[in-house]
$ cat target14.pdb   # PDB, C-alpha atoms, pLDDT in the B column
ATOM      1  CA  MET A1026       0.000   0.000   0.000  1.00 51.00           C
ATOM      2  CA  THR A1027       1.273   3.496  -0.819  1.00 51.00           C
ATOM      3  CA  ALA A1028       0.587   6.823   0.867  1.00 57.00           C
ATOM      4  CA  PRO A1029      -1.907   8.157  -1.710  1.00 55.00           C
ATOM      5  CA  ASP A1030      -4.040   5.050  -1.167  1.00 70.00           C
ATOM      6  CA  ALA A1031      -4.139   5.264   2.632  1.00 88.00           C
ATOM      7  CA  HIS A1032      -6.778   6.894   4.820  1.00 92.00           C
ATOM      8  CA  LEU A1033      -5.474   7.577   8.342  1.00 95.00           C
ATOM      9  CA  LEU A1034      -7.350   8.406  11.538  1.00 96.00           C
ATOM     10  CA  ILE A1035      -5.439  10.555  14.063  1.00 96.00           C
ATOM     11  CA  VAL A1036      -6.836  10.488  17.613  1.00 96.00           C
ATOM     12  CA  ASP A1037      -5.320  12.981  20.066  1.00 95.00           C
ATOM     13  CA  ASP A1038      -6.919  15.244  22.654  1.00 94.00           C
ATOM     14  CA  ASP A1039      -4.292  17.965  22.066  1.00 92.00           C
ATOM     15  CA  GLU A1040      -5.786  20.125  19.301  1.00 94.00           C
ATOM     16  CA  ARG A1041      -2.432  21.688  18.354  1.00 94.00           C
ATOM     17  CA  ILE A1042      -0.704  18.315  17.920  1.00 92.00           C
ATOM     18  CA  ARG A1043      -3.742  16.880  16.147  1.00 93.00           C
ATOM     19  CA  ASN A1044      -3.830  19.706  13.610  1.00 93.00           C
ATOM     20  CA  LEU A1045      -0.060  19.680  13.051  1.00 94.00           C
ATOM     21  CA  LEU A1046      -0.027  15.922  12.410  1.00 94.00           C
ATOM     22  CA  GLN A1047      -3.029  16.133  10.106  1.00 94.00           C
ATOM     23  CA  LYS A1048      -1.472  18.898   7.986  1.00 94.00           C
ATOM     24  CA  PHE A1049       1.940  17.180   7.890  1.00 94.00           C
ATOM     25  CA  LEU A1050       0.532  13.819   6.785  1.00 94.00           C
ATOM     26  CA  ILE A1051      -1.768  15.405   4.198  1.00 92.00           C
ATOM     27  CA  ARG A1052       1.309  17.118   2.698  1.00 92.00           C
ATOM     28  CA  HIS A1053       2.857  13.670   2.334  1.00 92.00           C
ATOM     29  CA  GLY A1054      -0.045  12.282   0.346  1.00 90.00           C
ATOM     30  CA  PHE A1055      -2.328  10.725   2.949  1.00 93.00           C
ATOM     31  CA  LEU A1056      -6.042  11.235   3.369  1.00 91.00           C
ATOM     32  CA  VAL A1057      -6.366  12.115   7.059  1.00 94.00           C
ATOM     33  CA  SER A1058      -9.310  12.340   9.433  1.00 94.00           C
ATOM     34  CA  ALA A1059      -8.959  13.410  13.061  1.00 95.00           C
ATOM     35  CA  ALA A1060     -10.758  12.832  16.359  1.00 96.00           C
ATOM     36  CA  ARG A1061     -10.317  14.524  19.728  1.00 95.00           C
ATOM     37  CA  ASP A1062     -11.068  11.461  21.866  1.00 95.00           C
ATOM     38  CA  ALA A1063     -12.056   7.805  21.811  1.00 95.00           C
ATOM     39  CA  ALA A1064     -15.778   8.593  21.642  1.00 95.00           C
ATOM     40  CA  GLN A1065     -15.414  10.686  18.492  1.00 95.00           C
ATOM     41  CA  ALA A1066     -13.070   8.067  17.028  1.00 95.00           C
ATOM     42  CA  ARG A1067     -15.708   5.378  17.539  1.00 95.00           C
ATOM     43  CA  ARG A1068     -18.288   7.482  15.717  1.00 94.00           C
ATOM     44  CA  LEU A1069     -15.947   7.929  12.755  1.00 94.00           C
ATOM     45  CA  LEU A1070     -15.064   4.232  12.722  1.00 93.00           C
ATOM     46  CA  ALA A1071     -18.749   3.347  12.649  1.00 91.00           C
ATOM     47  CA  GLY A1072     -19.196   5.096   9.316  1.00 87.00           C
ATOM     48  CA  LEU A1073     -15.789   5.033   7.621  1.00 88.00           C
ATOM     49  CA  GLU A1074     -13.073   2.538   6.839  1.00 87.00           C
ATOM     50  CA  PHE A1075      -9.484   3.479   7.633  1.00 92.00           C
ATOM     51  CA  ASP A1076      -6.186   1.933   6.562  1.00 92.00           C
ATOM     52  CA  MET A1077      -4.453   2.852   9.815  1.00 95.00           C
ATOM     53  CA  LEU A1078      -5.142   4.420  13.216  1.00 97.00           C
ATOM     54  CA  VAL A1079      -2.694   6.666  15.098  1.00 96.00           C
ATOM     55  CA  LEU A1080      -3.835   6.863  18.726  1.00 95.00           C
ATOM     56  CA  ASP A1081      -2.528   8.960  21.595  1.00 93.00           C
ATOM     57  CA  VAL A1082      -2.289   6.870  24.765  1.00 91.00           C
ATOM     58  CA  MET A1083      -2.868   9.596  27.352  1.00 89.00           C
ATOM     59  CA  MET A1084      -6.389  10.807  26.606  1.00 91.00           C
ATOM     60  CA  PRO A1085      -9.129  11.768  29.065  1.00 89.00           C
ATOM     61  CA  GLY A1086     -11.821   9.139  29.444  1.00 91.00           C
ATOM     62  CA  GLU A1087     -11.016   6.033  27.456  1.00 93.00           C
ATOM     63  CA  ASP A1088      -7.254   5.991  26.862  1.00 92.00           C
ATOM     64  CA  GLY A1089      -5.457   4.747  23.756  1.00 93.00           C
ATOM     65  CA  VAL A1090      -4.534   1.345  25.182  1.00 93.00           C
ATOM     66  CA  SER A1091      -8.105   0.614  26.273  1.00 94.00           C
ATOM     67  CA  LEU A1092      -9.445   1.756  22.905  1.00 95.00           C
ATOM     68  CA  THR A1093      -6.906  -0.461  21.119  1.00 95.00           C
ATOM     69  CA  ARG A1094      -7.922  -3.470  23.183  1.00 94.00           C
ATOM     70  CA  ALA A1095     -11.611  -2.868  22.443  1.00 95.00           C
ATOM     71  CA  LEU A1096     -11.091  -2.297  18.719  1.00 94.00           C
ATOM     72  CA  ARG A1097      -9.031  -5.474  18.379  1.00 92.00           C
ATOM     73  CA  GLU A1098     -12.157  -7.504  19.153  1.00 89.00           C
ATOM     74  CA  THR A1099     -13.472  -6.663  15.681  1.00 88.00           C
ATOM     75  CA  LEU A1100     -10.822  -4.738  13.717  1.00 88.00           C
ATOM     76  CA  THR A1101      -7.489  -5.783  12.208  1.00 86.00           C
ATOM     77  CA  THR A1102      -6.686  -2.243  11.035  1.00 91.00           C
ATOM     78  CA  PRO A1103      -3.061  -1.345  11.883  1.00 93.00           C
ATOM     79  CA  ILE A1104      -2.673   0.756  15.034  1.00 95.00           C
ATOM     80  CA  LEU A1105       0.272   2.972  16.012  1.00 95.00           C
ATOM     81  CA  LEU A1106       0.270   4.318  19.574  1.00 94.00           C
ATOM     82  CA  LEU A1107       1.744   7.690  20.532  1.00 91.00           C
ATOM     83  CA  THR A1108       2.862   7.702  24.151  1.00 84.00           C
ATOM     84  CA  ALA A1109       4.521  10.195  26.456  1.00 77.00           C
ATOM     85  CA  LYS A1110       5.472   7.340  28.748  1.00 67.00           C
ATOM     86  CA  GLY A1111       9.066   6.222  28.435  1.00 64.00           C
ATOM     87  CA  GLU A1112       8.882   3.036  30.474  1.00 67.00           C
ATOM     88  CA  THR A1113       9.257  -0.157  28.465  1.00 71.00           C
ATOM     89  CA  GLU A1114       6.466  -1.874  30.399  1.00 75.00           C
ATOM     90  CA  ASP A1115       3.987   0.830  29.414  1.00 72.00           C
ATOM     91  CA  ARG A1116       4.867   0.379  25.752  1.00 79.00           C
ATOM     92  CA  ILE A1117       4.659  -3.396  26.055  1.00 84.00           C
ATOM     93  CA  ALA A1118       1.142  -2.975  27.493  1.00 86.00           C
ATOM     94  CA  GLY A1119       0.159  -1.224  24.274  1.00 88.00           C
ATOM     95  CA  LEU A1120       1.548  -4.041  22.137  1.00 89.00           C
ATOM     96  CA  GLU A1121      -0.198  -6.633  24.274  1.00 91.00           C
ATOM     97  CA  ALA A1122      -3.451  -4.747  23.733  1.00 92.00           C
ATOM     98  CA  GLY A1123      -2.980  -5.249  19.989  1.00 92.00           C
ATOM     99  CA  ALA A1124      -1.016  -2.235  18.717  1.00 93.00           C
ATOM    100  CA  ASP A1125       1.319  -2.812  15.783  1.00 91.00           C
ATOM    101  CA  ASP A1126       3.938  -0.343  16.985  1.00 90.00           C
ATOM    102  CA  TYR A1127       4.487   2.622  19.301  1.00 89.00           C
ATOM    103  CA  LEU A1128       6.290   5.945  19.136  1.00 89.00           C
ATOM    104  CA  ALA A1129       7.338   7.882  22.237  1.00 87.00           C
ATOM    105  CA  LYS A1130       6.706  11.612  22.506  1.00 85.00           C
ATOM    106  CA  PRO A1131       8.364  13.935  21.712  1.00 86.00           C
ATOM    107  CA  PHE A1132       9.145  12.692  18.215  1.00 89.00           C
ATOM    108  CA  GLU A1133      10.180  14.133  14.881  1.00 91.00           C
ATOM    109  CA  PRO A1134       7.327  14.168  12.344  1.00 91.00           C
ATOM    110  CA  LYS A1135       9.639  12.459   9.844  1.00 92.00           C
ATOM    111  CA  GLU A1136      10.031   9.524  12.235  1.00 92.00           C
ATOM    112  CA  LEU A1137       6.250   9.207  12.475  1.00 93.00           C
ATOM    113  CA  LEU A1138       6.082   9.171   8.677  1.00 93.00           C
ATOM    114  CA  LEU A1139       8.690   6.395   8.514  1.00 91.00           C
ATOM    115  CA  ARG A1140       6.824   4.316  11.110  1.00 91.00           C
ATOM    116  CA  ILE A1141       3.506   4.739   9.295  1.00 93.00           C
ATOM    117  CA  ASN A1142       4.987   3.706   5.960  1.00 91.00           C
ATOM    118  CA  ALA A1143       6.741   0.718   7.557  1.00 88.00           C
ATOM    119  CA  ILE A1144       3.470  -0.498   9.081  1.00 89.00           C
ATOM    120  CA  LEU A1145       1.509   0.005   5.858  1.00 89.00           C
ATOM    121  CA  ARG A1146       4.073  -2.111   4.018  1.00 84.00           C
ATOM    122  CA  ARG A1147       3.170  -4.990   6.332  1.00 77.00           C
ATOM    123  CA  VAL A1148      -0.477  -4.947   5.265  1.00 73.00           C
ATOM    124  CA  PRO A1149      -1.029  -7.979   3.011  1.00 63.00           C
ATOM    125  CA  ALA A1150      -1.411  -7.017  -0.629  1.00 56.00           C
ATOM    126  CA  ALA A1151      -4.436  -8.091  -2.585  1.00 49.00           C
ATOM    127  CA  PRO A1152      -3.905 -11.611  -3.929  1.00 46.00           C
ATOM    128  CA  THR A1153      -2.744 -11.967  -7.494  1.00 45.00           C
ATOM    129  CA  GLU A1154      -3.618 -14.802  -9.812  1.00 46.00           C
ATOM    130  CA  ASN A1155      -0.782 -17.155 -10.664  1.00 48.00           C
ATOM    131  CA  GLY A1156      -0.505 -20.410 -12.510  1.00 44.00           C
ATOM    132  CA  ASP A1157       0.695 -22.374  -9.513  1.00 50.00           C
ATOM    133  CA  GLY A1158      -2.504 -21.872  -7.531  1.00 42.00           C
ATOM    134  CA  PRO A1159      -2.621 -21.089  -3.799  1.00 49.00           C
ATOM    135  CA  LYS A1160      -0.170 -22.610  -1.371  1.00 83.00           C
ATOM    136  CA  PHE A1161      -1.328 -23.750   2.050  1.00 86.00           C
ATOM    137  CA  LEU A1162       0.317 -24.594   5.350  1.00 90.00           C
ATOM    138  CA  LYS A1163      -1.495 -26.870   7.802  1.00 91.00           C
ATOM    139  CA  LEU A1164      -1.134 -26.078  11.481  1.00 92.00           C
ATOM    140  CA  GLY A1165      -3.343 -28.592  13.230  1.00 91.00           C
ATOM    141  CA  ASP A1166      -6.921 -27.524  12.522  1.00 92.00           C
ATOM    142  CA  ILE A1167      -5.697 -24.231  11.075  1.00 93.00           C
ATOM    143  CA  ARG A1168      -5.137 -23.664   7.349  1.00 92.00           C
ATOM    144  CA  TYR A1169      -2.899 -20.797   6.250  1.00 92.00           C
ATOM    145  CA  ASP A1170      -3.120 -19.545   2.675  1.00 89.00           C
ATOM    146  CA  VAL A1171       0.396 -18.303   1.892  1.00 85.00           C
ATOM    147  CA  ASP A1172      -0.552 -16.422  -1.284  1.00 83.00           C
ATOM    148  CA  ARG A1173      -3.488 -14.588   0.233  1.00 82.00           C
ATOM    149  CA  GLY A1174      -2.071 -14.184   3.738  1.00 84.00           C
ATOM    150  CA  GLU A1175      -5.319 -15.586   5.149  1.00 87.00           C
ATOM    151  CA  MET A1176      -5.788 -17.951   8.055  1.00 90.00           C
ATOM    152  CA  TRP A1177      -8.776 -20.217   8.616  1.00 91.00           C
ATOM    153  CA  ARG A1178     -10.006 -22.644  11.249  1.00 90.00           C
ATOM    154  CA  GLY A1179     -12.560 -24.676   9.359  1.00 86.00           C
ATOM    155  CA  GLU A1180     -14.909 -22.140   7.775  1.00 84.00           C
ATOM    156  CA  GLU A1181     -14.022 -19.449  10.322  1.00 88.00           C
ATOM    157  CA  ALA A1182     -11.526 -16.778   9.305  1.00 87.00           C
ATOM    158  CA  ILE A1183      -8.917 -15.896  11.927  1.00 90.00           C
ATOM    159  CA  ARG A1184      -8.271 -12.169  12.019  1.00 86.00           C
ATOM    160  CA  LEU A1185      -4.598 -11.202  11.835  1.00 86.00           C
ATOM    161  CA  THR A1186      -3.276  -7.736  12.553  1.00 84.00           C
ATOM    162  CA  ALA A1187      -0.883  -6.218  10.015  1.00 82.00           C
ATOM    163  CA  THR A1188       2.115  -7.217  12.121  1.00 86.00           C
ATOM    164  CA  GLU A1189       0.819 -10.754  12.699  1.00 88.00           C
ATOM    165  CA  ALA A1190       0.189 -11.127   8.970  1.00 88.00           C
ATOM    166  CA  GLN A1191       3.711  -9.942   8.205  1.00 88.00           C
ATOM    167  CA  LEU A1192       5.187 -12.369  10.748  1.00 92.00           C
ATOM    168  CA  MET A1193       3.307 -15.253   9.118  1.00 92.00           C
ATOM    169  CA  LYS A1194       4.556 -14.119   5.726  1.00 89.00           C
ATOM    170  CA  ILE A1195       8.153 -14.117   7.004  1.00 91.00           C
ATOM    171  CA  PHE A1196       7.883 -17.525   8.668  1.00 93.00           C
ATOM    172  CA  SER A1197       6.040 -19.152   5.759  1.00 89.00           C
ATOM    173  CA  THR A1198       8.894 -18.367   3.368  1.00 87.00           C
ATOM    174  CA  GLN A1199      11.142 -20.693   5.363  1.00 88.00           C
ATOM    175  CA  PRO A1200       9.045 -23.185   7.351  1.00 89.00           C
ATOM    176  CA  GLY A1201      11.084 -25.457   9.559  1.00 91.00           C
ATOM    177  CA  GLU A1202      13.953 -22.955   9.724  1.00 92.00           C
ATOM    178  CA  PRO A1203      14.561 -20.617  12.687  1.00 93.00           C
ATOM    179  CA  VAL A1204      14.439 -16.855  12.182  1.00 94.00           C
ATOM    180  CA  SER A1205      16.401 -14.719  14.631  1.00 93.00           C
ATOM    181  CA  ARG A1206      14.738 -11.967  16.629  1.00 90.00           C
ATOM    182  CA  ALA A1207      17.136  -9.445  15.075  1.00 90.00           C
ATOM    183  CA  LYS A1208      16.096 -10.575  11.580  1.00 90.00           C
ATOM    184  CA  LEU A1209      12.413 -10.284  12.499  1.00 90.00           C
ATOM    185  CA  VAL A1210      12.997  -6.741  13.784  1.00 87.00           C
ATOM    186  CA  GLU A1211      14.747  -5.877  10.515  1.00 86.00           C
ATOM    187  CA  ASP A1212      12.084  -7.466   8.300  1.00 85.00           C
ATOM    188  CA  LEU A1213       9.329  -5.661  10.204  1.00 81.00           C
ATOM    189  CA  GLY A1214      11.021  -2.353   9.402  1.00 75.00           C
ATOM    190  CA  ARG A1215      11.836  -1.436  12.977  1.00 69.00           C
ATOM    191  CA  ASP A1216      14.878   0.105  14.612  1.00 65.00           C
ATOM    192  CA  ARG A1217      17.357  -2.368  16.003  1.00 66.00           C
ATOM    193  CA  GLY A1218      17.747  -2.837  19.747  1.00 66.00           C
ATOM    194  CA  GLN A1219      16.687  -4.928  22.708  1.00 69.00           C
ATOM    195  CA  ALA A1220      13.480  -2.939  23.194  1.00 70.00           C
ATOM    196  CA  GLN A1221      12.311  -3.791  19.671  1.00 79.00           C
ATOM    197  CA  GLU A1222      13.286  -7.432  20.117  1.00 83.00           C
ATOM    198  CA  ARG A1223      11.153  -7.457  23.258  1.00 84.00           C
ATOM    199  CA  ALA A1224       8.328  -5.928  21.226  1.00 83.00           C
ATOM    200  CA  VAL A1225       8.662  -8.764  18.697  1.00 88.00           C
ATOM    201  CA  ASP A1226       8.414 -11.262  21.574  1.00 90.00           C
ATOM    202  CA  VAL A1227       5.077  -9.700  22.533  1.00 88.00           C
ATOM    203  CA  GLN A1228       3.776  -9.983  18.960  1.00 90.00           C
ATOM    204  CA  ILE A1229       4.886 -13.642  18.847  1.00 93.00           C
ATOM    205  CA  THR A1230       2.951 -14.264  22.060  1.00 93.00           C
ATOM    206  CA  ARG A1231      -0.177 -12.716  20.519  1.00 90.00           C
ATOM    207  CA  LEU A1232       0.224 -14.771  17.347  1.00 94.00           C
ATOM    208  CA  ARG A1233       0.631 -17.974  19.352  1.00 95.00           C
ATOM    209  CA  ARG A1234      -2.717 -17.358  21.023  1.00 92.00           C
ATOM    210  CA  LYS A1235      -4.296 -17.631  17.579  1.00 93.00           C
ATOM    211  CA  LEU A1236      -2.232 -20.611  16.414  1.00 93.00           C
ATOM    212  CA  GLU A1237      -1.776 -22.849  19.411  1.00 94.00           C
ATOM    213  CA  ALA A1238      -4.047 -25.040  21.505  1.00 92.00           C
ATOM    214  CA  ASP A1239      -1.667 -24.314  24.413  1.00 93.00           C
ATOM    215  CA  PRO A1240       0.285 -21.083  23.732  1.00 91.00           C
ATOM    216  CA  LYS A1241       2.552 -21.760  26.723  1.00 91.00           C
ATOM    217  CA  GLN A1242       3.717 -24.991  25.098  1.00 93.00           C
ATOM    218  CA  PRO A1243       3.739 -24.058  21.408  1.00 94.00           C
ATOM    219  CA  ARG A1244       3.694 -26.797  18.799  1.00 95.00           C
ATOM    220  CA  TYR A1245       3.652 -24.751  15.582  1.00 95.00           C
ATOM    221  CA  LEU A1246       5.424 -21.470  16.417  1.00 95.00           C
ATOM    222  CA  GLN A1247       8.386 -22.725  18.363  1.00 95.00           C
ATOM    223  CA  THR A1248      11.204 -21.013  20.218  1.00 94.00           C
ATOM    224  CA  VAL A1249      14.584 -22.333  19.100  1.00 94.00           C
ATOM    225  CA  ARG A1250      17.087 -21.685  21.871  1.00 91.00           C
ATOM    226  CA  GLY A1251      19.839 -19.349  20.708  1.00 90.00           C
ATOM    227  CA  ALA A1252      18.400 -19.120  17.197  1.00 92.00           C
ATOM    228  CA  GLY A1253      15.026 -17.349  17.384  1.00 93.00           C
ATOM    229  CA  TYR A1254      11.571 -18.564  16.337  1.00 95.00           C
ATOM    230  CA  MET A1255      10.493 -21.198  13.848  1.00 95.00           C
ATOM    231  CA  LEU A1256       7.206 -22.087  12.159  1.00 94.00           C
ATOM    232  CA  ALA A1257       6.751 -25.861  12.176  1.00 93.00           C
ATOM    233  CA  PRO A1258       3.683 -26.799  10.087  1.00 91.00           C
ATOM    234  CA  ASP A1259       2.355 -30.365   9.842  1.00 86.00           C
TER
END
$ encode --input "target14.pdb" --output "structure tokens"
Amino acid sequence: MTAPDAHLLIVDDDERIRNLLQKFLIRHGFLVSAARDAAQARRLLAGLEFDMLVLDVMMPGEDGVSLTRALRETLTTPILLLTAKGETEDRIAGLEAGADDYLAKPFEPKELLLRINAILRRVPAAPTENGDGPKFLKLGDIRYDVDRGEMWRGEEAIRLTATEAQLMKIFSTQPGEPVSRAKLVEDLGRDRGQAQERAVDVQITRLRRKLEADPKQPRYLQTVRGAGYMLAPD
């Protein structure tokens, strides 16, 4: 997905920041709507479809983490959280709630632009027809369509966030082979460092909850000691 195709929703209670971000992102080719709080965001989401949400964490009333957790019950739309909190645990809480990434305030607008574009690149592209037909991986009672980036349990579709879909895409290119945490960070378009590797661990945990009968003893998305993570289909 490219910037001119993407419709963003900015949710921030600070009117100055909200307006600055909206103008900056519009200048870079995005269609941008804005909301002052979670309640207004919900009203916009009820009538419009967005390609990505940028949510401030510290909002009066329903905060960004709580809104993310609620939206993840029905939406797979990518979510980037903006947080003034510098503690790693606070950022991890956002990822556990279902956010695709986070950015700590204060930040340079250019960094926000880079993060948004990196997340949008993870969104699965529309499937293209090819002569080989679709490829599938079987993970117990789960069927994963590699070409389409879709996951099914019987007739029920399993919703994947943009980051979860990208992780499956990475793993499915080399099933049975471990992928290091550093490589996953790089392939997800994130900055290197232990904090981002920890963030990947959180996303793996979320993905396991969708793949595994017992996420604490994973059968299909395994940890390989000293090597990283490995997808082990049937």
$ resolve_selection --input "target14.pdb" --expression "the PyMOL selection byres ((chain A and resi 1056-1061) around 10)" --output "PyMOL selection string"
chain A and resi 1028-1040+1043-1044+1046-1055+1062-1069+1073+1075-1081+1084-1085
$ residues_around --input "target14.pdb" --residues "Thr1186 in chain A" --least-positions-apart "5" --cutoff "10 Å" --atoms "only C-alpha atoms" --output "PyMOL selection string"
chain A and resi 1097+1100-1104+1123-1125+1147-1149+1191-1192+1228+1231-1232
$ atom_distance --input "target14.pdb" --atom1 "CA of Thr1248 in chain A" --atom2 "CA of Ala1095 in chain A"
29.2 Å
$ atom_distance --input "target14.pdb" --atom1 "CA of Ile1195 in chain A" --atom2 "CA of Leu1139 in chain A"
20.6 Å
$ residues_around --input "target14.pdb" --residues "Phe1196 in chain A" --least-positions-apart "3" --cutoff "12 Å" --atoms "all atoms listed in the file" --output "JSON list (two decimals) with C-alpha atoms, in the frame of the given file"
[["chain", "number", "residue", "atom", "x", "y", "z"],
["A", 1162, "LEU", "CA", 0.32, -24.59, 5.35],
["A", 1169, "TYR", "CA", -2.90, -20.80, 6.25],
["A", 1171, "VAL", "CA", 0.40, -18.30, 1.89],
["A", 1174, "GLY", "CA", -2.07, -14.18, 3.74],
["A", 1189, "GLU", "CA", 0.82, -10.75, 12.70],
["A", 1190, "ALA", "CA", 0.19, -11.13, 8.97],
["A", 1191, "GLN", "CA", 3.71, -9.94, 8.20],
["A", 1192, "LEU", "CA", 5.19, -12.37, 10.75],
["A", 1193, "MET", "CA", 3.31, -15.25, 9.12],
["A", 1199, "GLN", "CA", 11.14, -20.69, 5.36],
["A", 1200, "PRO", "CA", 9.04, -23.18, 7.35],
["A", 1201, "GLY", "CA", 11.08, -25.46, 9.56],
["A", 1202, "GLU", "CA", 13.95, -22.96, 9.72],
["A", 1203, "PRO", "CA", 14.56, -20.62, 12.69],
["A", 1204, "VAL", "CA", 14.44, -16.86, 12.18],
["A", 1205, "SER", "CA", 16.40, -14.72, 14.63],
["A", 1206, "ARG", "CA", 14.74, -11.97, 16.63],
["A", 1208, "LYS", "CA", 16.10, -10.58, 11.58],
["A", 1209, "LEU", "CA", 12.41, -10.28, 12.50],
["A", 1212, "ASP", "CA", 12.08, -7.47, 8.30],
["A", 1229, "ILE", "CA", 4.89, -13.64, 18.85],
["A", 1232, "LEU", "CA", 0.22, -14.77, 17.35],
["A", 1245, "TYR", "CA", 3.65, -24.75, 15.58],
["A", 1246, "LEU", "CA", 5.42, -21.47, 16.42],
["A", 1247, "GLN", "CA", 8.39, -22.72, 18.36],
["A", 1253, "GLY", "CA", 15.03, -17.35, 17.38],
["A", 1254, "TYR", "CA", 11.57, -18.56, 16.34],
["A", 1255, "MET", "CA", 10.49, -21.20, 13.85],
["A", 1256, "LEU", "CA", 7.21, -22.09, 12.16],
["A", 1257, "ALA", "CA", 6.75, -25.86, 12.18],
["A", 1258, "PRO", "CA", 3.68, -26.80, 10.09]]
$ atom_distance --input "target14.pdb" --atom1 "CA of Val1210 in chain A" --atom2 "CA of Arg1140 in chain A"
12.9 Å
$ closest_residue --input "target14.pdb" --among "A:Ala1129, A:Pro1134, A:Ala1071, A:Glu1121" --to "Ile1042 in chain A" --atoms "all atoms listed in the file"
A:Pro1134
$ closest_residue --input "target14.pdb" --among "A:Arg1116, A:Lys1163, A:Lys1135, A:Lys1241" --to "Ala1220 in chain A" --atoms "all atoms listed in the file"
A:Arg1116
$ closest_residue --input "target14.pdb" --among "A:Gln1221, A:Asp1088, A:Leu1185, A:Glu1074" --to "Thr1113 in chain A" --atoms "all atoms listed in the file"
A:Gln1221
$ residues_around --input "target14.pdb" --residues "Ala1118 in chain A" --least-positions-apart "3" --cutoff "12 Å" --atoms "all atoms listed in the file" --output "list in words"
Val1082, Gly1089, Val1090, Ser1091, Thr1093, Arg1094, Leu1106, Thr1108, Lys1110, Glu1112, Thr1113, Glu1114, Asp1115, Glu1121, Ala1122, Gly1123, Ala1124, Asp1125, Asp1126, Tyr1127, Arg1223, Ala1224, Val1227 and Gln1228 of chain A
$ write_last_selection --input "target14.pdb" --atoms "C-alpha atoms" --output "PDB file, keeping the file's coordinate frame"
ATOM      1  CA  VAL A1082      -2.289   6.870  24.765  1.00 91.00           C
ATOM      2  CA  GLY A1089      -5.457   4.747  23.756  1.00 93.00           C
ATOM      3  CA  VAL A1090      -4.534   1.345  25.182  1.00 93.00           C
ATOM      4  CA  SER A1091      -8.105   0.614  26.273  1.00 94.00           C
ATOM      5  CA  THR A1093      -6.906  -0.461  21.119  1.00 95.00           C
ATOM      6  CA  ARG A1094      -7.922  -3.470  23.183  1.00 94.00           C
ATOM      7  CA  LEU A1106       0.270   4.318  19.574  1.00 94.00           C
ATOM      8  CA  THR A1108       2.862   7.702  24.151  1.00 84.00           C
ATOM      9  CA  LYS A1110       5.472   7.340  28.748  1.00 67.00           C
ATOM     10  CA  GLU A1112       8.882   3.036  30.474  1.00 67.00           C
ATOM     11  CA  THR A1113       9.257  -0.157  28.465  1.00 71.00           C
ATOM     12  CA  GLU A1114       6.466  -1.874  30.399  1.00 75.00           C
ATOM     13  CA  ASP A1115       3.987   0.830  29.414  1.00 72.00           C
ATOM     14  CA  GLU A1121      -0.198  -6.633  24.274  1.00 91.00           C
ATOM     15  CA  ALA A1122      -3.451  -4.747  23.733  1.00 92.00           C
ATOM     16  CA  GLY A1123      -2.980  -5.249  19.989  1.00 92.00           C
ATOM     17  CA  ALA A1124      -1.016  -2.235  18.717  1.00 93.00           C
ATOM     18  CA  ASP A1125       1.319  -2.812  15.783  1.00 91.00           C
ATOM     19  CA  ASP A1126       3.938  -0.343  16.985  1.00 90.00           C
ATOM     20  CA  TYR A1127       4.487   2.622  19.301  1.00 89.00           C
ATOM     21  CA  ARG A1223      11.153  -7.457  23.258  1.00 84.00           C
ATOM     22  CA  ALA A1224       8.328  -5.928  21.226  1.00 83.00           C
ATOM     23  CA  VAL A1227       5.077  -9.700  22.533  1.00 88.00           C
ATOM     24  CA  GLN A1228       3.776  -9.983  18.960  1.00 90.00           C
TER      25      GLN A1228
END
$ closest_residue --input "target14.pdb" --among "A:Val1249, A:Ile1167, A:Leu1137, A:Ile1144" --to "Leu1213 in chain A" --atoms "only C-alpha atoms"
A:Ile1144
$ residues_around --input "target14.pdb" --residues "Asp1166 in chain A" --least-positions-apart "2" --cutoff "8 Å" --atoms "all atoms listed in the file" --output "PyMOL selection string"
chain A and resi 1163-1164+1168+1178-1179
